[in-house]
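Novice: Below you'll find data_3.txt; it's compact mmCIF, C-alpha atoms and all ligand atoms.
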```
# COMPACT_ATOMS: atom_id res chain seq x y z
CA MET P 1 0.00 0.00 0.00
CA PRO P 2 1.39 3.41 -0.88
CA GLU P 3 2.46 5.43 2.13
CA LEU P 4 3.01 9.18 2.48
CA PRO P 5 6.13 9.44 0.25
CA GLU P 6 4.49 7.53 -2.60
CA VAL P 7 1.32 9.63 -2.46
CA GLU P 8 3.37 12.83 -2.24
CA THR P 9 5.30 11.66 -5.31
CA VAL P 10 2.10 11.16 -7.30
CA ALA P 11 0.81 14.61 -6.31
CA ARG P 12 4.12 16.31 -7.15
CA GLN P 13 4.28 14.63 -10.53
CA LEU P 14 0.69 15.45 -11.43
CA ASP P 15 0.74 19.07 -10.28
CA PRO P 16 2.85 20.58 -13.09
CA LEU P 17 1.02 18.46 -15.67
CA LEU P 18 -2.47 19.46 -14.55
CA ALA P 19 -2.26 22.92 -13.01
CA GLY P 20 -4.02 25.51 -15.15
CA ARG P 21 -5.70 23.02 -17.49
CA VAL P 22 -9.38 23.45 -18.19
CA ILE P 23 -11.50 20.54 -16.94
CA GLU P 24 -13.83 18.90 -19.43
CA ARG P 25 -15.46 16.14 -17.40
CA LEU P 26 -15.03 13.24 -15.01
CA GLN P 27 -15.94 9.94 -16.60
CA VAL P 28 -16.74 7.08 -14.23
CA PHE P 29 -16.49 3.56 -15.66
CA ASP P 30 -16.77 1.56 -12.43
CA HIS P 31 -20.11 2.04 -10.75
CA ARG P 32 -18.71 0.97 -7.43
CA LEU P 33 -17.16 4.44 -7.42
CA ASP P 34 -19.63 7.10 -6.44
CA PRO P 35 -17.76 10.39 -6.50
CA GLY P 36 -20.83 12.62 -6.53
CA ARG P 37 -21.83 15.07 -9.23
CA PRO P 38 -21.14 18.66 -8.34
CA ARG P 39 -22.50 21.18 -10.81
CA GLY P 40 -20.46 23.51 -12.89
CA ILE P 41 -17.20 21.53 -13.05
CA ARG P 42 -16.90 21.84 -16.80
CA GLY P 43 -14.85 24.88 -17.73
CA ARG P 44 -13.22 25.29 -14.34
CA ARG P 45 -9.46 24.90 -14.16
CA VAL P 46 -7.22 22.68 -12.10
CA GLY P 47 -5.75 24.97 -9.43
CA ARG P 48 -3.14 22.62 -8.02
CA VAL P 49 -2.61 19.00 -7.07
CA PHE P 50 -1.44 18.19 -3.56
CA ARG P 51 -1.42 15.51 -0.89
CA ALA P 52 -3.67 15.49 2.17
CA GLY P 53 -2.73 12.59 4.42
CA LYS P 54 -2.61 9.63 2.04
CA GLN P 55 -5.01 11.21 -0.45
CA VAL P 56 -4.22 12.91 -3.73
CA VAL P 57 -6.29 16.09 -4.05
CA ILE P 58 -7.05 17.79 -7.36
CA GLU P 59 -8.25 21.30 -6.57
CA THR P 60 -10.47 23.06 -9.05
CA ALA P 61 -10.59 26.81 -9.36
CA ALA P 62 -12.54 29.38 -11.33
CA THR P 63 -10.57 31.12 -14.04
CA GLY P 64 -9.19 34.46 -12.92
CA SER P 65 -10.64 34.41 -9.40
CA VAL P 66 -9.81 33.23 -5.91
CA ASP P 67 -12.84 30.96 -5.91
CA ARG P 68 -11.53 27.43 -5.12
CA GLY P 69 -13.13 24.01 -5.02
CA PRO P 70 -14.68 21.56 -5.30
CA TRP P 71 -11.82 19.17 -4.73
CA LEU P 72 -11.51 15.75 -6.36
CA VAL P 73 -10.03 13.50 -3.68
CA CYS P 74 -8.50 10.12 -4.47
CA HIS P 75 -7.38 7.47 -2.00
CA LEU P 76 -5.22 4.92 -3.82
CA ARG P 77 -5.52 2.17 -1.14
CA MET P 78 -3.88 -1.09 -2.26
CA THR P 79 -3.41 -0.94 -6.01
CA GLY P 80 -4.69 2.44 -7.16
CA ARG P 81 -2.66 4.60 -9.55
CA LEU P 82 -3.23 7.92 -11.23
CA LEU P 83 -1.74 7.91 -14.69
CA TRP P 84 -1.34 11.00 -16.80
CA GLN P 85 -1.75 10.64 -20.54
CA GLU P 86 -1.37 13.33 -23.15
CA GLY P 87 -4.07 13.72 -25.80
CA ARG P 88 -7.02 11.32 -26.02
CA PRO P 89 -5.50 7.94 -25.27
CA ARG P 90 -7.31 4.63 -25.06
CA ARG P 91 -8.80 3.64 -21.78
CA PRO P 92 -6.24 1.56 -19.85
CA GLU P 93 -6.97 -1.86 -18.43
CA HIS P 94 -8.57 -1.60 -14.95
CA GLY P 95 -9.36 2.07 -15.57
CA ARG P 96 -12.14 2.99 -13.15
CA ALA P 97 -12.46 6.68 -13.92
CA ARG P 98 -10.92 9.37 -16.07
CA LEU P 99 -10.62 13.09 -15.53
CA CYS P 100 -10.56 14.70 -18.95
CA VAL P 101 -8.78 18.03 -19.18
CA TRP P 102 -7.55 20.19 -22.02
CA GLN P 103 -5.33 18.00 -24.22
CA GLY P 104 -4.97 15.19 -21.74
CA ALA P 105 -6.46 12.92 -19.13
CA VAL P 106 -5.72 11.38 -15.76
CA ASP P 107 -6.79 7.77 -15.48
CA PHE P 108 -7.60 6.21 -12.14
CA VAL P 109 -6.39 2.65 -12.61
CA ASP P 110 -7.08 0.20 -9.80
CA PRO P 111 -7.15 -3.58 -10.41
CA ARG P 112 -8.34 -4.53 -6.92
CA ARG P 113 -10.87 -1.68 -6.73
CA PHE P 114 -10.30 -0.70 -3.09
CA GLY P 115 -9.43 2.89 -3.98
CA THR P 116 -11.92 5.72 -3.63
CA LEU P 117 -12.71 8.89 -5.52
CA ARG P 118 -15.01 11.66 -4.31
CA TRP P 119 -15.79 15.29 -4.89
CA CYS P 120 -15.52 17.36 -1.72
CA ARG P 121 -17.22 20.71 -1.25
CA SER P 122 -14.90 21.93 1.49
CA GLU P 123 -11.35 21.28 2.67
CA GLU P 124 -12.67 20.05 6.03
CA GLU P 125 -14.26 17.10 4.24
CA PHE P 126 -10.89 15.61 3.28
CA ALA P 127 -8.74 16.78 6.20
CA PRO P 128 -7.06 13.70 7.71
CA PRO P 129 -7.71 13.09 11.43
CA GLY P 130 -4.08 12.54 12.42
CA LEU P 131 -1.12 14.92 12.69
CA GLU P 132 0.68 15.68 9.42
CA PRO P 133 4.27 14.42 9.90
CA LEU P 134 5.78 17.02 7.56
CA ASP P 135 3.83 19.97 8.94
CA PRO P 136 6.50 22.59 9.73
CA GLY P 137 4.55 23.37 12.90
CA LEU P 138 4.76 19.82 14.25
CA SER P 139 7.22 19.99 17.16
CA ALA P 140 8.77 17.12 19.10
CA ARG P 141 6.69 18.26 22.06
CA ARG P 142 3.46 18.09 20.05
CA LEU P 143 4.35 14.62 18.83
CA GLY P 144 5.21 13.62 22.39
CA SER P 145 1.90 14.82 23.78
CA SER P 146 0.05 12.79 21.16
CA ILE P 147 2.06 9.71 22.14
CA ALA P 148 1.70 10.28 25.90
CA GLY P 149 -0.31 7.63 27.66
CA SER P 150 -0.23 5.09 24.82
CA ARG P 151 0.78 1.61 25.94
CA GLN P 152 1.00 0.38 22.37
CA PRO P 153 4.39 -0.60 21.00
CA ILE P 154 5.82 2.46 19.27
CA LYS P 155 5.82 0.72 15.87
CA ILE P 156 2.07 0.14 16.12
CA TRP P 157 1.50 3.69 17.33
CA LEU P 158 3.38 5.17 14.36
CA MET P 159 0.96 3.42 12.01
CA ARG P 160 -2.18 4.78 13.68
CA GLN P 161 -3.74 7.03 11.05
CA ASP P 162 -5.90 8.75 13.67
CA ARG P 163 -2.72 9.96 15.38
CA LEU P 164 -0.10 10.47 12.71
CA THR P 165 -1.09 10.36 9.08
CA GLY P 166 0.51 8.53 6.19
CA ILE P 167 2.96 6.12 7.84
CA GLY P 168 2.57 2.43 7.11
CA ASN P 169 4.54 -0.73 7.64
CA ILE P 170 7.64 0.10 5.62
CA TYR P 171 8.33 3.59 6.93
CA ALA P 172 7.43 2.74 10.54
CA SER P 173 10.31 0.21 10.55
CA GLU P 174 12.63 2.63 8.77
CA ILE P 175 11.89 5.54 11.09
CA LEU P 176 12.54 3.50 14.24
CA HIS P 177 15.80 2.19 12.82
CA GLU P 178 16.94 5.71 11.99
CA ALA P 179 16.01 6.81 15.52
CA GLY P 180 17.71 3.82 17.19
CA ILE P 181 14.53 2.86 19.04
CA SER P 182 13.26 -0.71 19.40
CA PRO P 183 9.88 -1.23 17.68
CA SER P 184 8.50 -3.12 20.68
CA ARG P 185 9.07 -0.34 23.21
CA PRO P 186 5.83 0.96 24.76
CA ALA P 187 5.15 4.33 23.10
CA ALA P 188 4.60 6.17 26.38
CA GLY P 189 7.92 4.89 27.74
CA LEU P 190 10.09 6.98 25.41
CA ASP P 191 12.04 9.70 27.20
CA ALA P 192 12.44 13.27 25.99
CA ALA P 193 15.69 12.61 24.11
CA GLU P 194 14.16 9.61 22.36
CA LEU P 195 11.09 11.63 21.40
CA ARG P 196 13.32 14.26 19.85
CA ARG P 197 15.16 11.56 17.88
CA LEU P 198 11.88 10.02 16.79
CA HIS P 199 10.53 13.40 15.69
CA ARG P 200 13.67 14.10 13.67
CA SER P 201 13.68 10.60 12.14
CA VAL P 202 10.03 10.79 11.06
CA ARG P 203 10.82 13.87 9.02
CA THR P 204 14.23 12.79 7.79
CA VAL P 205 13.08 9.39 6.55
CA LEU P 206 9.91 10.66 4.87
CA ARG P 207 11.70 13.57 3.18
CA ARG P 208 14.49 11.32 1.97
CA ALA P 209 11.97 8.85 0.57
CA ILE P 210 10.14 11.68 -1.22
CA ARG P 211 13.44 12.81 -2.76
CA HIS P 212 13.79 9.33 -4.20
CA CYS P 213 10.16 9.24 -5.34
CA GLY P 214 9.15 6.63 -2.79
CA THR P 215 9.70 2.92 -2.64
CA THR P 216 9.00 0.54 -5.47
CA PHE P 217 6.78 -2.30 -4.46
CA SER P 218 4.08 -4.40 -6.03
CA ASP P 219 1.77 -1.82 -7.51
CA PHE P 220 3.00 1.64 -6.82
CA GLN P 221 3.80 3.78 -9.82
CA GLY P 222 4.01 7.52 -10.04
CA ALA P 223 1.75 9.64 -12.19
CA GLN P 224 3.69 8.94 -15.35
CA GLY P 225 4.30 5.30 -14.63
CA VAL P 226 7.70 5.79 -13.05
CA THR P 227 8.66 3.88 -9.94
CA GLY P 228 10.56 5.13 -6.92
CA SER P 229 14.13 4.19 -6.10
CA TYR P 230 14.04 4.31 -2.31
CA GLN P 231 13.93 0.52 -2.18
CA GLN P 232 17.71 0.40 -2.55
CA ARG P 233 18.13 2.70 0.44
CA LEU P 234 15.95 0.90 2.94
CA GLY P 235 17.82 0.36 6.18
CA VAL P 236 15.88 -2.59 7.60
CA TYR P 237 12.68 -3.29 5.68
CA GLY P 238 12.95 -6.58 3.79
CA ARG P 239 16.58 -7.02 4.91
CA GLU P 240 16.23 -9.87 7.42
CA GLY P 241 19.59 -11.58 7.97
CA ALA P 242 21.56 -8.75 6.34
CA ARG P 243 24.18 -6.63 8.09
CA CYS P 244 22.94 -3.40 9.65
CA ARG P 245 24.07 -0.34 7.70
CA ARG P 246 23.71 1.89 10.73
CA CYS P 247 25.93 0.16 13.31
CA ARG P 248 27.62 -2.30 10.93
CA GLY P 249 27.66 -4.89 13.72
CA GLY P 250 24.06 -6.03 14.01
CA VAL P 251 22.10 -8.45 11.85
CA ILE P 252 18.60 -7.39 10.88
CA GLU P 253 15.80 -9.42 12.46
CA ARG P 254 12.12 -9.76 11.63
CA VAL P 255 9.30 -10.05 14.16
CA VAL P 256 5.55 -10.00 13.65
CA GLN P 257 3.49 -7.25 15.30
CA GLN P 258 -0.26 -7.21 14.68
CA GLN P 259 0.15 -9.65 11.77
CA ARG P 260 2.64 -7.35 10.04
CA SER P 261 6.36 -7.86 9.67
CA THR P 262 8.62 -5.50 11.56
CA PHE P 263 12.31 -5.31 10.72
CA PHE P 264 14.89 -4.00 13.17
CA CYS P 265 18.48 -4.21 14.32
CA PRO P 266 18.79 -5.67 17.84
CA GLU P 267 22.23 -4.04 18.25
CA CYS P 268 21.47 -0.39 17.67
CA GLN P 269 17.73 -0.19 18.38
CA ARG P 270 17.17 -0.16 22.13
ZN ZN P 301 22.35 -1.69 13.82
```
Taking this structure as input, can you express it in the form of structure tokens?
Specialist:
Amino acid sequence: MPELPEVETVARQLDPLLAGRVIERLQVFDHRLDPGRPRGIRGRRVGRVFRAGKQVVIETAATGSVDRGPWLVCHLRMTGRLLWQEGRPRRPEHGRARLCVWQGAVDFVDPRRFGTLRWCRSEEEFAPPGLEPLDPGLSARRLGSSIAGSRQPIKIWLMRQDRLTGIGNIYASEILHEAGISPSRPAAGLDAAELRRLHRSVRTVLRRAIRHCGTTFSDFQGAQGVTGSYQQRLGVYGREGARCRRCRGGVIERVVQQQRSTFFCPECQR
């Protein structure tokens, strides 16, 4: 499942391709999708494309005015992709919907059909419930007060979308490795210095992954069908039995937490 860096990559790739283009229509091919039918979309422009939590948001705007919205909000879930195509291309296999714009189209391709697409009338409608990890205003103290009182293992806490948005199984392992914190530690047991390290690692790891356009795995592809290269830089994820790149002494181990694999180095993650 795409996590924050992969979704950010899709939004960043689509934005320069779509911004300013006049919208013609949204075609829906899969009737399991029910995006709604706001009036007056035709002839509006795409304002910008951005990420909100793990959703890709296509903002519409009126030409020559500050009037913004509605917003077309896509959650990719397991296998969803948004593919940009110039001109009037053929409908791709597993295409569930298509946003037609001036001289091009974005296809929502999703073989397993878990993804969602909806028109939102206000920004509150798609605001994620958890903290945004890359919000410049998110301090270590703010992160710490959200963690306070949680007896969950810190790895599990990091993946709670109602607390911190966009982090899944891969980056939770990577962040804890970078911070030198064991994934099984109770979240509330971290001291102030560890919270500062965790806060820094959350941002460092996610930003680094965004720079490399995310991690390539089963179905993630960026907006133009390119795949990320962060896979080669993963510190622990999928590296069971390999030498730790952080301390160079440990051997990466795998444990299962809530039916998901967690990878960590027993030497440098305490
Ligand atoms: Zn290590």
Novice: Have a look at P:Thr215, P:Thr9, P:Gln55, P:Thr60 and name the one nearest to Pro38 of chain P; count only C-alpha atoms.
Specialist: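 Of the candidates, the smallest distance to Pro38 of chain P is held by P:Thr60.
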Novice: Using all atoms listed in the file, I'd like a table of the residues in chain P that come within 12 Å of ligand ZN 301 (chain P); for each, show the closest atom pair and its distance in Å rounded to one decimal, ordered by chain and ascending number, as a tab-separated table.
Specialist:
```
residue	atom	partner	partner_atom	distance
P:Glu174	CA	P:ZN301	ZN	11.8
P:Leu176	CA	P:ZN301	ZN	11.1
P:His177	CA	P:ZN301	ZN	7.7
P:Glu178	CA	P:ZN301	ZN	9.3
P:Ala179	CA	P:ZN301	ZN	10.7
P:Gly180	CA	P:ZN301	ZN	8.0
P:Ile181	CA	P:ZN301	ZN	10.4
P:Ser182	CA	P:ZN301	ZN	10.7
P:Gly235	CA	P:ZN301	ZN	9.1
P:Val236	CA	P:ZN301	ZN	9.0
P:Arg239	CA	P:ZN301	ZN	11.9
P:Gly241	CA	P:ZN301	ZN	11.8
P:Ala242	CA	P:ZN301	ZN	10.3
P:Arg243	CA	P:ZN301	ZN	7.8
P:Cys244	CA	P:ZN301	ZN	4.5
P:Arg245	CA	P:ZN301	ZN	6.5
P:Arg246	CA	P:ZN301	ZN	4.9
P:Cys247	CA	P:ZN301	ZN	4.1
P:Arg248	CA	P:ZN301	ZN	6.0
P:Gly249	CA	P:ZN301	ZN	6.2
P:Gly250	CA	P:ZN301	ZN	4.7
P:Val251	CA	P:ZN301	ZN	7.0
P:Ile252	CA	P:ZN301	ZN	7.4
P:Glu253	CA	P:ZN301	ZN	10.2
P:Phe263	CA	P:ZN301	ZN	11.1
P:Phe264	CA	P:ZN301	ZN	7.8
P:Cys265	CA	P:ZN301	ZN	4.6
P:Pro266	CA	P:ZN301	ZN	6.7
P:Glu267	CA	P:ZN301	ZN	5.0
P:Cys268	CA	P:ZN301	ZN	4.2
P:Gln269	CA	P:ZN301	ZN	6.7
P:Arg270	CA	P:ZN301	ZN	9.9
```
Novice: Using only C-alpha atoms for the distances, tell me which of P:Val57, P:Val256, P:Ala209, P:Leu18 is nearest to Glu125 of chain P.
Specialist: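 Closest to Glu125 of chain P, using only C-alpha atoms: P:Val57.
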Novice: Quick one: residues within 10 Å of (-3.8, 16.4, -19.8) (file frame), counting only C-alpha atoms, please, as number ranges by chain.
Specialist: P: 14, 17-19, 21-23, 84-88, 99-106
Novice: With C-alpha atoms kept, could you save the residues just selected as a short mmCIF file (atom, residue, chain, number, x, y, z; two decimals), in the frame of the given file?
Specialist:
```cif
data_model
loop_
_atom_site.label_atom_id
_atom_site.label_comp_id
_atom_site.auth_asym_id
_atom_site.auth_seq_id
_atom_site.Cartn_x
_atom_site.Cartn_y
_atom_site.Cartn_z
CA LEU P 14 0.69 15.45 -11.43
CA LEU P 17 1.02 18.46 -15.67
CA LEU P 18 -2.47 19.46 -14.55
CA ALA P 19 -2.26 22.92 -13.01
CA ARG P 21 -5.70 23.02 -17.49
CA VAL P 22 -9.38 23.45 -18.19
CA ILE P 23 -11.50 20.54 -16.94
CA TRP P 84 -1.34 11.00 -16.80
CA GLN P 85 -1.75 10.64 -20.54
CA GLU P 86 -1.37 13.33 -23.15
CA GLY P 87 -4.07 13.72 -25.80
CA ARG P 88 -7.02 11.32 -26.02
CA LEU P 99 -10.62 13.09 -15.53
CA CYS P 100 -10.56 14.70 -18.95
CA VAL P 101 -8.78 18.03 -19.18
CA TRP P 102 -7.55 20.19 -22.02
CA GLN P 103 -5.33 18.00 -24.22
CA GLY P 104 -4.97 15.19 -21.74
CA ALA P 105 -6.46 12.92 -19.13
CA VAL P 106 -5.72 11.38 -15.76
#
```
Novice: Pick the closest to Cys74 of chain P from P:Arg51, P:Arg200, P:Arg42, P:Arg141: which is it, counting only C-alpha atoms?
Specialist: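 Among the listed residues, P:Arg51 lies closest to Cys74 of chain P.
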Novice: Record the distance separating atom CA of Phe126 of chain P and atom CA of Ile154 of chain P, expressed in Å with one decimal.
Specialist: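 Separation between atom CA of Phe126 of chain P and atom CA of Ile154 of chain P: 26.6 Å.
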Novice: Using atom CA of Ser145 of chain P and atom CA of Val205 of chain P as the two end points, give the distance in Å to one decimal.
Specialist: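 Straight-line distance from atom CA of Ser145 of chain P to atom CA of Val205 of chain P works out to 21.2 Å.
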Novice: If you measure from atom CA of Asp107 of chain P to atom CA of Gly95 of chain P, what distance in Å do you get, rounded to one decimal?
Specialist: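 Atom-to-atom, atom CA of Asp107 of chain P and atom CA of Gly95 of chain P are spaced 6.3 Å apart.
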Novice: Set the distance at 12 Å and use all atoms listed in the file: which residues neighbour Ala62 of chain P once local chain neighbours fewer than 3 positions away are removed? I'd like the list as a PyMOL selection string.
Specialist: chain P and resi 20-23+40-47+59+65-70
Novice: Ranking P:Arg254, P:Arg185, P:Arg208, P:Arg121 by minimum distance to Gly238 of chain P and counting all atoms listed in the file, which one comes first?
Specialist: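 Checking each of P:Arg254, P:Arg185, P:Arg208, P:Arg121 against Gly238 of chain P, counting all atoms listed in the file, the winner is P:Arg254.
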Novice: Within 7 Å of segment 128-131 of chain P, counting all atoms listed in the file, which residues qualify if same-chain residues fewer than 6 places away don't, as a ChimeraX atom specification?
Specialist: /P:52-53,161-165
Novice: Would you mind telling me which residue in P:Arg12, P:Arg25, P:Arg151, P:His212 lies nearest to Leu190 of chain P when using all atoms listed in the file?
Specialist: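 Closest residue, counting all atoms listed in the file: P:Arg151.
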Novice: Rank nothing, just name the residue among P:Ser150, P:Thr262, P:Gln13, P:Gln27 nearest to Tyr237 of chain P, using all atoms listed in the file.
Specialist: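 Checking each of P:Ser150, P:Thr262, P:Gln13, P:Gln27 against Tyr237 of chain P, counting all atoms listed in the file, the winner is P:Thr262.
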Novice: Write out as JSON, numbers by chain each polymer residue whose atoms come within 7 Å of segment 111-120 of chain P, counting only C-alpha atoms; drop sequence neighbours fewer than 3 positions from it.
Specialist: {"P": [33, 34, 35, 36, 70, 71, 72, 73, 74, 75, 76, 77, 78, 79, 80, 94, 125]}
Novice: For Leu83 of chain P, find every residue with an atom within 8 Å (counting only C-alpha atoms), except residues of its own chain fewer than 5 positions away, and show them as an MDAnalysis selection string.
Specialist: chainID P and resid 106:109 222:225
Novice: Taking (7.7, 18.1, 6.6) in the file's coordinates as the center, which residues reach within 9 Å of it, counting only C-alpha atoms, put as a PyMOL selection string?
Specialist: chain P and resi 132-138+202-204+206-207
